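Worksheet for the structure shown next.
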Amino acid sequence: MVNMGSILKPEIRNPDKRVRKTPRPGTRNPSMELLAPAGSFPAFEAALEAGADAVYVGVPGFNARALSRDFTFAEIDSMIRQAHGQGVKLYIAMNSLVKESELPAALDALSCLEQLRPDALILQDLGLLYIARTWFPDLSLHASTLLSIHNSTAAGELTNLGVERVVLARELTIDEMAAIHHKTDAEIEVFIHGAMCFSYSGLCMFSSLHGGKSSLRGQCVQPCRRHYSCQAPGKAQRGGGRGKDTKYLFSMNDLCGVDFLPALRDAGVSCLKIEGRMKSARYVANTVAAYRMALDSMDEPVEEQDRVLRRAHKLLDEAMARKRSSGFLLADRPAEAITPGQSGNSGQMLGRVRGLGQERTRDGKNRLTLQVRLEAQVSEGDRLRLHNEKTGERISFTLRFLQIGGQRRKAGSPGQTVQLSLGADLKGRSGRNFQGSLFKVDVGSRIVAERTGRRRTKKLSGHKIIADRRKVEEILDHLSWKRGDGPAKRSGKSKGRGHAHKVGRRAGRKELPWWVAVPGPADVRQRLPVRAARILMPLTRDNMHSLGRLEAKIKKYRGRIIWRLPPVIQEADLNWYEQQIKKLAASGYSRFELGHCSQYGLFTALQNGRHEQGLELYGHYSLNLLNSASLHAAGHLGLQGALFSLETESDNLAAAVTHFKWQRGKRRPPQRMKLGLYVYGRPPLFTSRLDSDQYNYRQQLVSPKDEHYTLEHKDGLTLARSTVPFSLLKWQQELSTMGLDYLVLDLTGGPMKKEAATVSALLAGGGKRMSVLSGNFQGTLV
């Protein structure tokens with residue numbers, strides 16, 4: 001098995017480039033860096049003025065936030081120099097997954113960043129990590145929270161990979177953070193304030209599979225903020241309407257850790273990160289100022305600390321955010337993580353809206369209007385958000401026209417009934433049946449500040465940043481890429497190189513091997529809808545207990561069984577998994593599927609031991625391999641095979657496989673890694689740690705769009721699944737021409753006999769009228 005560290009080229013590593021600032025394991029961190037977000041120039045300047053130690057901004061086109069406008073490289077150059085001039089660091093978030101067609105532009109971005117020399121680059125995509133460590137060794141790398149770093153194995157192995165800092169998952173308790181610090185040499189960054197996702201970051205498939213907008217690419221439509229109605233099994237419900245059982249079950253309250261800074265310092269945390277690159281300058285200014293004063297008073301007398309915390313909370317109250325809670329900091333089952341009766345909208349509540357009207361403007365156009373009795377002050381120029389409580393839709397707009405008693409006014413005060421004209425495109429949404437809430441999310445002064453700040457920052461820029469074309473072409477050549485390459489056509493032919501049909505097509509229509517996932521050992525002998533070349537089985541306590549009883553009966557299947565590790569293994573469970581892996585290896589089981597890229601570390605005890613011979617490790621789709629560079633990275637990790645991303649489009653898959661497998665002369669991939677694709681199952685849309693008393697796992701949930709889901713709590717995780725199966729079986733023949741090596745059928749998402757019958761119907765063509773999800777395969781992944 002190849003060690004994960006082999007992804008790094010020893011000759012290009014420079015261990016003396018930077019001095020590690022992380023304290024030794026077991027010692028207290030004397031100070032913590034305060035890291036602030038900036039999605040606009042006013043927010044950047046507000047962070048500097050309020051006392052941030054570091055600021056993070058997004059790289060243009062490849063950051064996990066859908067900003068209305070990205071910073072340019074010239075502007076980032078100016079921001080780096082401005083920040084450094086004030087003794088502040090600037091980090092760059094390049095934490096989006098990259099599609100195959102985007103790799104050349106991503107390499108251009110890395111080349112530009114190498115010239116700019118930011119203090120660190122925050123990455124999620126394993127392909128970009130592979131490229132950055134191999135060809136851009138002078139860039140300091142931080143592992144994004146989208147890599148779902150949730151235990152000491154993940155933190156330690158990513159550090160071994162060359163990452164200088166890890167951003168831990170938001171779901172960890174302070175005690176778990178301390179354990180990671182004590183067991184590893186990882187420099188730890190944690191989110192201390194801001195929005196919380198219901199799902200583990202990096203494991204949410206909801207927005208992508210139900211709409212083509214990937215949360216892993218900064219395009220999340222926030223399905224967790226919608227209301228859901230509960231429905232008992234067997235009961236039909238029309239329209240997903242808002243009934244008495246409707247609740248915001250997944251809308252997490254904001255995280256606030258300002259009261260726990262001393263405990264975080266004692267836990268070994270090096271950096272406190274504030275979420276909010278989509279937030280206003282006012283939010284950034286208030287939040288940074290609150291945490292700055294709290295950090296600076298940590299060693300003051302208790303009375304002074306209490307006084308400062310009261311001032312800090314007042315600033316946070318004025319930041320126009322959501323209701324706050326301590327998140328998972330104090331407990332793995334927090335009671336105040338959600339408030340089901342509240343929508344979870346950020347901003348200051350202005351009032352309830354019942355009905356939208358229309359009026360004709362002087363130029364003859366229709367303009368939508370609403371009336372609201374104000375609960376807070378509002379002014380022309382303020383940024384507002386209207387929440388449609390029936391559909392869950394949220395529309396943001398800038399207030400341009402306000403009337404009180406038929407007269408135009410610049411502002412309205414609490415208690416007044418005002419009529420507002422909406423500048424947003426709400427065609428077809430007027431009517432008395434509209435029910436919603438109106439929020440103020442930013443003040444009008446930001447509009448002027450944005451323009452002024454942009455002009456001021458642009459003046460600082462002295463030169464245009466241009467990518468090193470020669471270096472970029474060298475990397476593309478190594479990846480078997482060529483500029484002009486686009487997604488491979490579904491026939492298997494590429495628009496760029498002419499080798500695609502050599503690799504992308506198979507002779508005839510030979511059926512690909514089937515790998516079938518079953519719930520447990522008792523199901524191995526059940527009749528399957530296909531002949532299984534491999535049998536995947538979850539590695540759980542229940543299954544290990546069953547194996548003890550059934551091992552003799554399933555002995556003949558041992559050579560085909562692959563034990564599947566979950567994507568999340570809590571710190572307290574690491575030792576159990578290590579022991580079970582040893583036990584299985586000793587019993588002759590040699591194949592395992594990793595749910596997280598770092599889990600190879602659980603097999604360290606088997607290396608150079610008597611059980612290592614024949615050990616095979618595979619990768620689950622939760623590794624999020626979306627491009628050929630990430631496939632090269634997985635090959636360097638020593639994986640014998642891996643599933644491609646569940647989010648992929650057909651063209652993206654074909655192009656990535658072609659580029660990865662193409663062999664020219666003596667240049668070959670370092671390892672012949674098999675490639676597979678998940679083609680049937682009920683994959684979790686949400687994978688969460690939260691187990692709330694509000695959840696009834698026996699009922700179905702219905703969305704405002706009349707989509708039905710089930711919720712289950714299994715092996716310490718809360719999983720939301722669609723009642724409609726995910727299936728790409730319709731394109732089985734097309735997939736056989738793309739150069740894939742195996743297809744996965746997952747029968748673990750429901751009763752196995754029912755799942756097997758569904759697969760049989762779909763394979764036989766009898767499921768043509770059956771409703772299925774195909775994700776983005778025939779669409780476009782945004």
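Each chain in the structure tokens gets a letter, A, B and so on, in the order shown; residues start at 1 in every chain, and ligands are counted from 1 in the order they appear.
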Check your understanding: Which residues in stretch 538-602 of chain A does DSSP call strand (DSSP E)? List them as a PyMOL selection string.
Key -> chain A and resi 538+561-564+591-594
Using N, CA, C and O atoms, can you export the residues from the last selection as a PDB file, in the first residue's frame?
ATOM      1  N   PRO A 538     -21.350  -2.386   5.132  1.00  0.00           N
ATOM      2  CA  PRO A 538     -20.959  -1.372   6.112  1.00  0.00           C
ATOM      3  C   PRO A 538     -20.247  -1.995   7.313  1.00  0.00           C
ATOM      4  O   PRO A 538     -20.675  -3.037   7.832  1.00  0.00           O
ATOM      5  N   ILE A 561     -15.959  -9.769  -0.529  1.00  0.00           N
ATOM      6  CA  ILE A 561     -16.517  -8.758   0.377  1.00  0.00           C
ATOM      7  C   ILE A 561     -15.551  -7.585   0.556  1.00  0.00           C
ATOM      8  O   ILE A 561     -14.349  -7.778   0.765  1.00  0.00           O
ATOM      9  N   ILE A 562     -16.088  -6.384   0.461  1.00  0.00           N
ATOM     10  CA  ILE A 562     -15.363  -5.144   0.747  1.00  0.00           C
ATOM     11  C   ILE A 562     -16.077  -4.471   1.923  1.00  0.00           C
ATOM     12  O   ILE A 562     -17.273  -4.199   1.849  1.00  0.00           O
ATOM     13  N   TRP A 563     -15.350  -4.232   2.996  1.00  0.00           N
ATOM     14  CA  TRP A 563     -15.945  -3.579   4.167  1.00  0.00           C
ATOM     15  C   TRP A 563     -15.895  -2.064   3.986  1.00  0.00           C
ATOM     16  O   TRP A 563     -14.830  -1.493   3.735  1.00  0.00           O
ATOM     17  N   ARG A 564     -17.049  -1.451   4.113  1.00  0.00           N
ATOM     18  CA  ARG A 564     -17.193  -0.016   3.831  1.00  0.00           C
ATOM     19  C   ARG A 564     -17.131   0.794   5.135  1.00  0.00           C
ATOM     20  O   ARG A 564     -17.954   0.600   6.036  1.00  0.00           O
ATOM     21  N   ARG A 591     -10.121  -6.381   1.798  1.00  0.00           N
ATOM     22  CA  ARG A 591     -10.595  -5.257   1.000  1.00  0.00           C
ATOM     23  C   ARG A 591     -11.467  -4.334   1.852  1.00  0.00           C
ATOM     24  O   ARG A 591     -12.378  -4.785   2.541  1.00  0.00           O
ATOM     25  N   PHE A 592     -11.184  -3.018   1.759  1.00  0.00           N
ATOM     26  CA  PHE A 592     -11.913  -2.018   2.520  1.00  0.00           C
ATOM     27  C   PHE A 592     -12.155  -0.787   1.640  1.00  0.00           C
ATOM     28  O   PHE A 592     -11.325  -0.433   0.799  1.00  0.00           O
ATOM     29  N   GLU A 593     -13.289  -0.144   1.862  1.00  0.00           N
ATOM     30  CA  GLU A 593     -13.610   1.096   1.148  1.00  0.00           C
ATOM     31  C   GLU A 593     -13.565   2.244   2.151  1.00  0.00           C
ATOM     32  O   GLU A 593     -14.215   2.196   3.196  1.00  0.00           O
ATOM     33  N   LEU A 594     -12.823   3.283   1.815  1.00  0.00           N
ATOM     34  CA  LEU A 594     -12.652   4.436   2.688  1.00  0.00           C
ATOM     35  C   LEU A 594     -13.748   5.466   2.448  1.00  0.00           C
ATOM     36  O   LEU A 594     -14.039   5.827   1.307  1.00  0.00           O
TER      37      LEU A 594
END
Exercise for review: Please provide the set of residues having any atom within 10 Å of stretch 521-528 of chain A, restricted to only C-alpha atoms, with same-chain residues fewer than 4 positions apart removed, written as number ranges by chain.
Suggested key: A: 516-517, 532, 535-538, 542-551, 553-554, 557, 561, 747, 752-753, 755-757, 759-760
Review point. Could you write out, as a ChimeraX atom specification, all the residues of stretch 250-381 of chain A that DSSP marks as alpha helix (DSSP H)?
Key: /A:261-266,281-296,302-317
Study note, to complete from the structure: Pairwise distance, atom CA of A:Asp468 with atom CA of A:Ser111, equals 6.0 Å
**Study point:** Top pick for closest residue to A:Met738, considering A:Lys510, A:Lys705, A:His387, A:Arg531 and counting only C-alpha atoms
**Key:**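 Selected residue with least distance to A:Met738: A:Lys510.
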A:Gly595: which residues within 10 Å, counting only C-alpha atoms, same-chain residues fewer than 3 positions away excluded, as a PDB file with all heavy atoms, in the first residue's frame?
ATOM      1  N   ARG A 564     -17.049  -1.451   4.113  1.00  0.00           N
ATOM      2  CA  ARG A 564     -17.193  -0.016   3.831  1.00  0.00           C
ATOM      3  C   ARG A 564     -17.131   0.794   5.135  1.00  0.00           C
ATOM      4  O   ARG A 564     -17.954   0.600   6.036  1.00  0.00           O
ATOM      5  CB  ARG A 564     -18.518   0.234   3.108  1.00  0.00           C
ATOM      6  CG  ARG A 564     -18.872   1.697   2.921  1.00  0.00           C
ATOM      7  CD  ARG A 564     -20.235   1.847   2.251  1.00  0.00           C
ATOM      8  NE  ARG A 564     -20.161   1.607   0.823  1.00  0.00           N
ATOM      9  CZ  ARG A 564     -21.219   1.647   0.014  1.00  0.00           C
ATOM     10  NH1 ARG A 564     -22.425   1.880   0.512  1.00  0.00           N
ATOM     11  NH2 ARG A 564     -21.086   1.441  -1.274  1.00  0.00           N
ATOM     12  N   LEU A 565     -16.164   1.703   5.217  1.00  0.00           N
ATOM     13  CA  LEU A 565     -16.055   2.591   6.366  1.00  0.00           C
ATOM     14  C   LEU A 565     -16.952   3.809   6.156  1.00  0.00           C
ATOM     15  O   LEU A 565     -17.072   4.310   5.026  1.00  0.00           O
ATOM     16  CB  LEU A 565     -14.615   3.049   6.579  1.00  0.00           C
ATOM     17  CG  LEU A 565     -13.691   2.111   7.373  1.00  0.00           C
ATOM     18  CD1 LEU A 565     -13.477   0.792   6.629  1.00  0.00           C
ATOM     19  CD2 LEU A 565     -12.351   2.783   7.653  1.00  0.00           C
ATOM     20  N   PRO A 566     -17.562   4.331   7.208  1.00  0.00           N
ATOM     21  CA  PRO A 566     -18.440   5.502   7.055  1.00  0.00           C
ATOM     22  C   PRO A 566     -17.614   6.766   6.814  1.00  0.00           C
ATOM     23  O   PRO A 566     -16.427   6.819   7.169  1.00  0.00           O
ATOM     24  CB  PRO A 566     -19.171   5.569   8.398  1.00  0.00           C
ATOM     25  CG  PRO A 566     -18.207   4.964   9.368  1.00  0.00           C
ATOM     26  CD  PRO A 566     -17.501   3.862   8.610  1.00  0.00           C
ATOM     27  N   PRO A 567     -18.210   7.805   6.251  1.00  0.00           N
ATOM     28  CA  PRO A 567     -17.466   9.054   6.008  1.00  0.00           C
ATOM     29  C   PRO A 567     -17.136   9.808   7.288  1.00  0.00           C
ATOM     30  O   PRO A 567     -16.229  10.635   7.301  1.00  0.00           O
ATOM     31  CB  PRO A 567     -18.410   9.865   5.116  1.00  0.00           C
ATOM     32  CG  PRO A 567     -19.771   9.329   5.410  1.00  0.00           C
ATOM     33  CD  PRO A 567     -19.578   7.871   5.701  1.00  0.00           C
ATOM     34  N   VAL A 568     -17.879   9.524   8.368  1.00  0.00           N
ATOM     35  CA  VAL A 568     -17.647  10.188   9.646  1.00  0.00           C
ATOM     36  C   VAL A 568     -17.412   9.137  10.720  1.00  0.00           C
ATOM     37  O   VAL A 568     -18.255   8.255  10.930  1.00  0.00           O
ATOM     38  CB  VAL A 568     -18.844  11.082  10.049  1.00  0.00           C
ATOM     39  CG1 VAL A 568     -18.614  11.690  11.430  1.00  0.00           C
ATOM     40  CG2 VAL A 568     -19.064  12.185   9.016  1.00  0.00           C
ATOM     41  N   ILE A 569     -16.263   9.217  11.378  1.00  0.00           N
ATOM     42  CA  ILE A 569     -15.952   8.365  12.524  1.00  0.00           C
ATOM     43  C   ILE A 569     -15.593   9.284  13.677  1.00  0.00           C
ATOM     44  O   ILE A 569     -14.590   9.999  13.619  1.00  0.00           O
ATOM     45  CB  ILE A 569     -14.787   7.394  12.236  1.00  0.00           C
ATOM     46  CG1 ILE A 569     -15.140   6.467  11.064  1.00  0.00           C
ATOM     47  CG2 ILE A 569     -14.438   6.594  13.481  1.00  0.00           C
ATOM     48  CD1 ILE A 569     -14.008   5.534  10.663  1.00  0.00           C
ATOM     49  N   PHE A 592     -11.184  -3.018   1.759  1.00  0.00           N
ATOM     50  CA  PHE A 592     -11.913  -2.018   2.520  1.00  0.00           C
ATOM     51  C   PHE A 592     -12.155  -0.787   1.640  1.00  0.00           C
ATOM     52  O   PHE A 592     -11.325  -0.433   0.799  1.00  0.00           O
ATOM     53  CB  PHE A 592     -11.126  -1.595   3.767  1.00  0.00           C
ATOM     54  CG  PHE A 592     -10.871  -2.715   4.737  1.00  0.00           C
ATOM     55  CD1 PHE A 592      -9.790  -3.571   4.561  1.00  0.00           C
ATOM     56  CD2 PHE A 592     -11.717  -2.923   5.816  1.00  0.00           C
ATOM     57  CE1 PHE A 592      -9.546  -4.611   5.444  1.00  0.00           C
ATOM     58  CE2 PHE A 592     -11.493  -3.964   6.718  1.00  0.00           C
ATOM     59  CZ  PHE A 592     -10.406  -4.805   6.521  1.00  0.00           C
ATOM     60  N   SER A 598      -8.531  10.402   4.546  1.00  0.00           N
ATOM     61  CA  SER A 598      -7.503  10.195   5.567  1.00  0.00           C
ATOM     62  C   SER A 598      -7.572   8.831   6.241  1.00  0.00           C
ATOM     63  O   SER A 598      -6.685   8.493   7.031  1.00  0.00           O
ATOM     64  CB  SER A 598      -7.640  11.269   6.648  1.00  0.00           C
ATOM     65  OG  SER A 598      -8.857  11.090   7.367  1.00  0.00           O
ATOM     66  N   GLN A 599      -8.590   8.052   5.956  1.00  0.00           N
ATOM     67  CA  GLN A 599      -8.804   6.813   6.717  1.00  0.00           C
ATOM     68  C   GLN A 599      -7.758   5.742   6.446  1.00  0.00           C
ATOM     69  O   GLN A 599      -7.734   4.729   7.137  1.00  0.00           O
ATOM     70  CB  GLN A 599     -10.212   6.275   6.461  1.00  0.00           C
ATOM     71  CG  GLN A 599     -11.298   7.111   7.126  1.00  0.00           C
ATOM     72  CD  GLN A 599     -12.708   6.677   6.765  1.00  0.00           C
ATOM     73  OE1 GLN A 599     -12.911   5.825   5.900  1.00  0.00           O
ATOM     74  NE2 GLN A 599     -13.697   7.269   7.408  1.00  0.00           N
ATOM     75  N   TYR A 600      -6.865   5.986   5.477  1.00  0.00           N
ATOM     76  CA  TYR A 600      -5.765   5.041   5.304  1.00  0.00           C
ATOM     77  C   TYR A 600      -4.965   4.954   6.607  1.00  0.00           C
ATOM     78  O   TYR A 600      -4.324   3.941   6.894  1.00  0.00           O
ATOM     79  CB  TYR A 600      -4.851   5.485   4.149  1.00  0.00           C
ATOM     80  CG  TYR A 600      -3.699   6.337   4.602  1.00  0.00           C
ATOM     81  CD1 TYR A 600      -2.442   5.784   4.790  1.00  0.00           C
ATOM     82  CD2 TYR A 600      -3.886   7.675   4.899  1.00  0.00           C
ATOM     83  CE1 TYR A 600      -1.395   6.545   5.246  1.00  0.00           C
ATOM     84  CE2 TYR A 600      -2.851   8.438   5.353  1.00  0.00           C
ATOM     85  CZ  TYR A 600      -1.592   7.876   5.527  1.00  0.00           C
ATOM     86  OH  TYR A 600      -0.564   8.639   6.000  1.00  0.00           O
ATOM     87  N   TYR A 618     -10.147   1.048  -1.312  1.00  0.00           N
ATOM     88  CA  TYR A 618     -10.927   1.714  -2.353  1.00  0.00           C
ATOM     89  C   TYR A 618     -11.524   2.999  -1.779  1.00  0.00           C
ATOM     90  O   TYR A 618     -11.583   3.193  -0.569  1.00  0.00           O
ATOM     91  CB  TYR A 618     -12.031   0.786  -2.864  1.00  0.00           C
ATOM     92  CG  TYR A 618     -11.498  -0.464  -3.517  1.00  0.00           C
ATOM     93  CD1 TYR A 618     -11.217  -1.602  -2.759  1.00  0.00           C
ATOM     94  CD2 TYR A 618     -11.257  -0.512  -4.887  1.00  0.00           C
ATOM     95  CE1 TYR A 618     -10.706  -2.750  -3.346  1.00  0.00           C
ATOM     96  CE2 TYR A 618     -10.749  -1.667  -5.487  1.00  0.00           C
ATOM     97  CZ  TYR A 618     -10.469  -2.782  -4.715  1.00  0.00           C
ATOM     98  OH  TYR A 618      -9.960  -3.899  -5.310  1.00  0.00           O
ATOM     99  N   GLY A 619     -11.969   3.870  -2.657  1.00  0.00           N
ATOM    100  CA  GLY A 619     -12.540   5.143  -2.228  1.00  0.00           C
ATOM    101  C   GLY A 619     -14.021   5.238  -2.541  1.00  0.00           C
ATOM    102  O   GLY A 619     -14.466   4.857  -3.632  1.00  0.00           O
ATOM    103  N   HIS A 620     -14.785   5.755  -1.575  1.00  0.00           N
ATOM    104  CA  HIS A 620     -16.221   5.976  -1.746  1.00  0.00           C
ATOM    105  C   HIS A 620     -16.441   7.302  -2.490  1.00  0.00           C
ATOM    106  O   HIS A 620     -15.527   8.124  -2.618  1.00  0.00           O
ATOM    107  CB  HIS A 620     -16.879   6.029  -0.360  1.00  0.00           C
ATOM    108  CG  HIS A 620     -18.371   6.041  -0.378  1.00  0.00           C
ATOM    109  ND1 HIS A 620     -19.109   7.120   0.066  1.00  0.00           N
ATOM    110  CD2 HIS A 620     -19.269   5.117  -0.791  1.00  0.00           C
ATOM    111  CE1 HIS A 620     -20.398   6.834  -0.061  1.00  0.00           C
ATOM    112  NE2 HIS A 620     -20.527   5.637  -0.577  1.00  0.00           N
ATOM    113  N   TYR A 621     -17.660   7.523  -2.966  1.00  0.00           N
ATOM    114  CA  TYR A 621     -17.928   8.796  -3.657  1.00  0.00           C
ATOM    115  C   TYR A 621     -17.804   9.992  -2.715  1.00  0.00           C
ATOM    116  O   TYR A 621     -17.691  11.139  -3.160  1.00  0.00           O
ATOM    117  CB  TYR A 621     -19.294   8.780  -4.349  1.00  0.00           C
ATOM    118  CG  TYR A 621     -20.504   8.759  -3.433  1.00  0.00           C
ATOM    119  CD1 TYR A 621     -20.864   9.873  -2.689  1.00  0.00           C
ATOM    120  CD2 TYR A 621     -21.319   7.626  -3.336  1.00  0.00           C
ATOM    121  CE1 TYR A 621     -21.979   9.865  -1.860  1.00  0.00           C
ATOM    122  CE2 TYR A 621     -22.427   7.606  -2.506  1.00  0.00           C
ATOM    123  CZ  TYR A 621     -22.746   8.730  -1.776  1.00  0.00           C
ATOM    124  OH  TYR A 621     -23.855   8.730  -0.945  1.00  0.00           O
ATOM    125  N   SER A 622     -17.829   9.756  -1.392  1.00  0.00           N
ATOM    126  CA  SER A 622     -17.696  10.854  -0.437  1.00  0.00           C
ATOM    127  C   SER A 622     -16.301  11.472  -0.442  1.00  0.00           C
ATOM    128  O   SER A 622     -16.078  12.495   0.204  1.00  0.00           O
ATOM    129  CB  SER A 622     -18.052  10.373   0.973  1.00  0.00           C
ATOM    130  OG  SER A 622     -17.318   9.218   1.329  1.00  0.00           O
ATOM    131  N   LEU A 623     -15.343  10.896  -1.208  1.00  0.00           N
ATOM    132  CA  LEU A 623     -14.052  11.551  -1.391  1.00  0.00           C
ATOM    133  C   LEU A 623     -14.165  12.721  -2.359  1.00  0.00           C
ATOM    134  O   LEU A 623     -13.218  13.504  -2.497  1.00  0.00           O
ATOM    135  CB  LEU A 623     -13.016  10.547  -1.909  1.00  0.00           C
ATOM    136  CG  LEU A 623     -12.226   9.764  -0.853  1.00  0.00           C
ATOM    137  CD1 LEU A 623     -13.115   8.926   0.033  1.00  0.00           C
ATOM    138  CD2 LEU A 623     -11.158   8.897  -1.514  1.00  0.00           C
TER     139      LEU A 623
END
Check your understanding: With only C-alpha atoms as the atoms that count, which of A:Leu126, A:Ile338, A:Val166, A:Leu476 lies nearest to A:Ala195?
Key ->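 Comparing A:Leu126, A:Ile338, A:Val166, A:Leu476 against A:Ala195, the winner is A:Ile338.
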Exercise for review: Mind checking which residues fall within 9 Å of stretch 314-328 of chain A, counting only C-alpha atoms, ignoring those fewer than 5 positions away in the same chain, and posting them as number ranges by chain?
Suggested key: A: 170-174, 193-196, 252-260, 279-280, 282-287, 289-290, 309, 333-339, 344-349, 440-442, 690
Revision key, fill the gap. Atom pair atom CA of A:Asp306 + atom CA of A:Ala36, distance 23.5 Å
**Study point:** Shell around stretch 718-721 of chain A at 7 Å using only C-alpha atoms, local window under 4 positions removed, as a ChimeraX atom specification
**Key:** /A:682-691,709-714
Exercise for review: Figure out the distance between atom CA of A:Lys768 and atom CA of A:Thr748, please, to one decimal in Å.
Suggested key: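 Answer for the atom CA of A:Thr748 to atom CA of A:Lys768 separation: 22.5 Å.
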Exercise for review: Give me the residues within 7 Å of A:Arg225 as a list of chain:residue names, counting only C-alpha atoms and dropping any in the same chain fewer than 4 places off.
Suggested key: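 In the requested format, the answer is A:Tyr248, A:Phe250, A:Ser251, A:Ser343, A:Gly344.
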Review point. From the list A:Ser215, A:Ser152, A:Gln222, A:Ser270, which residue is nearest A:Glu187 when using only C-alpha atoms?
Key: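 Under the stated criterion, the closest residue is A:Ser270.
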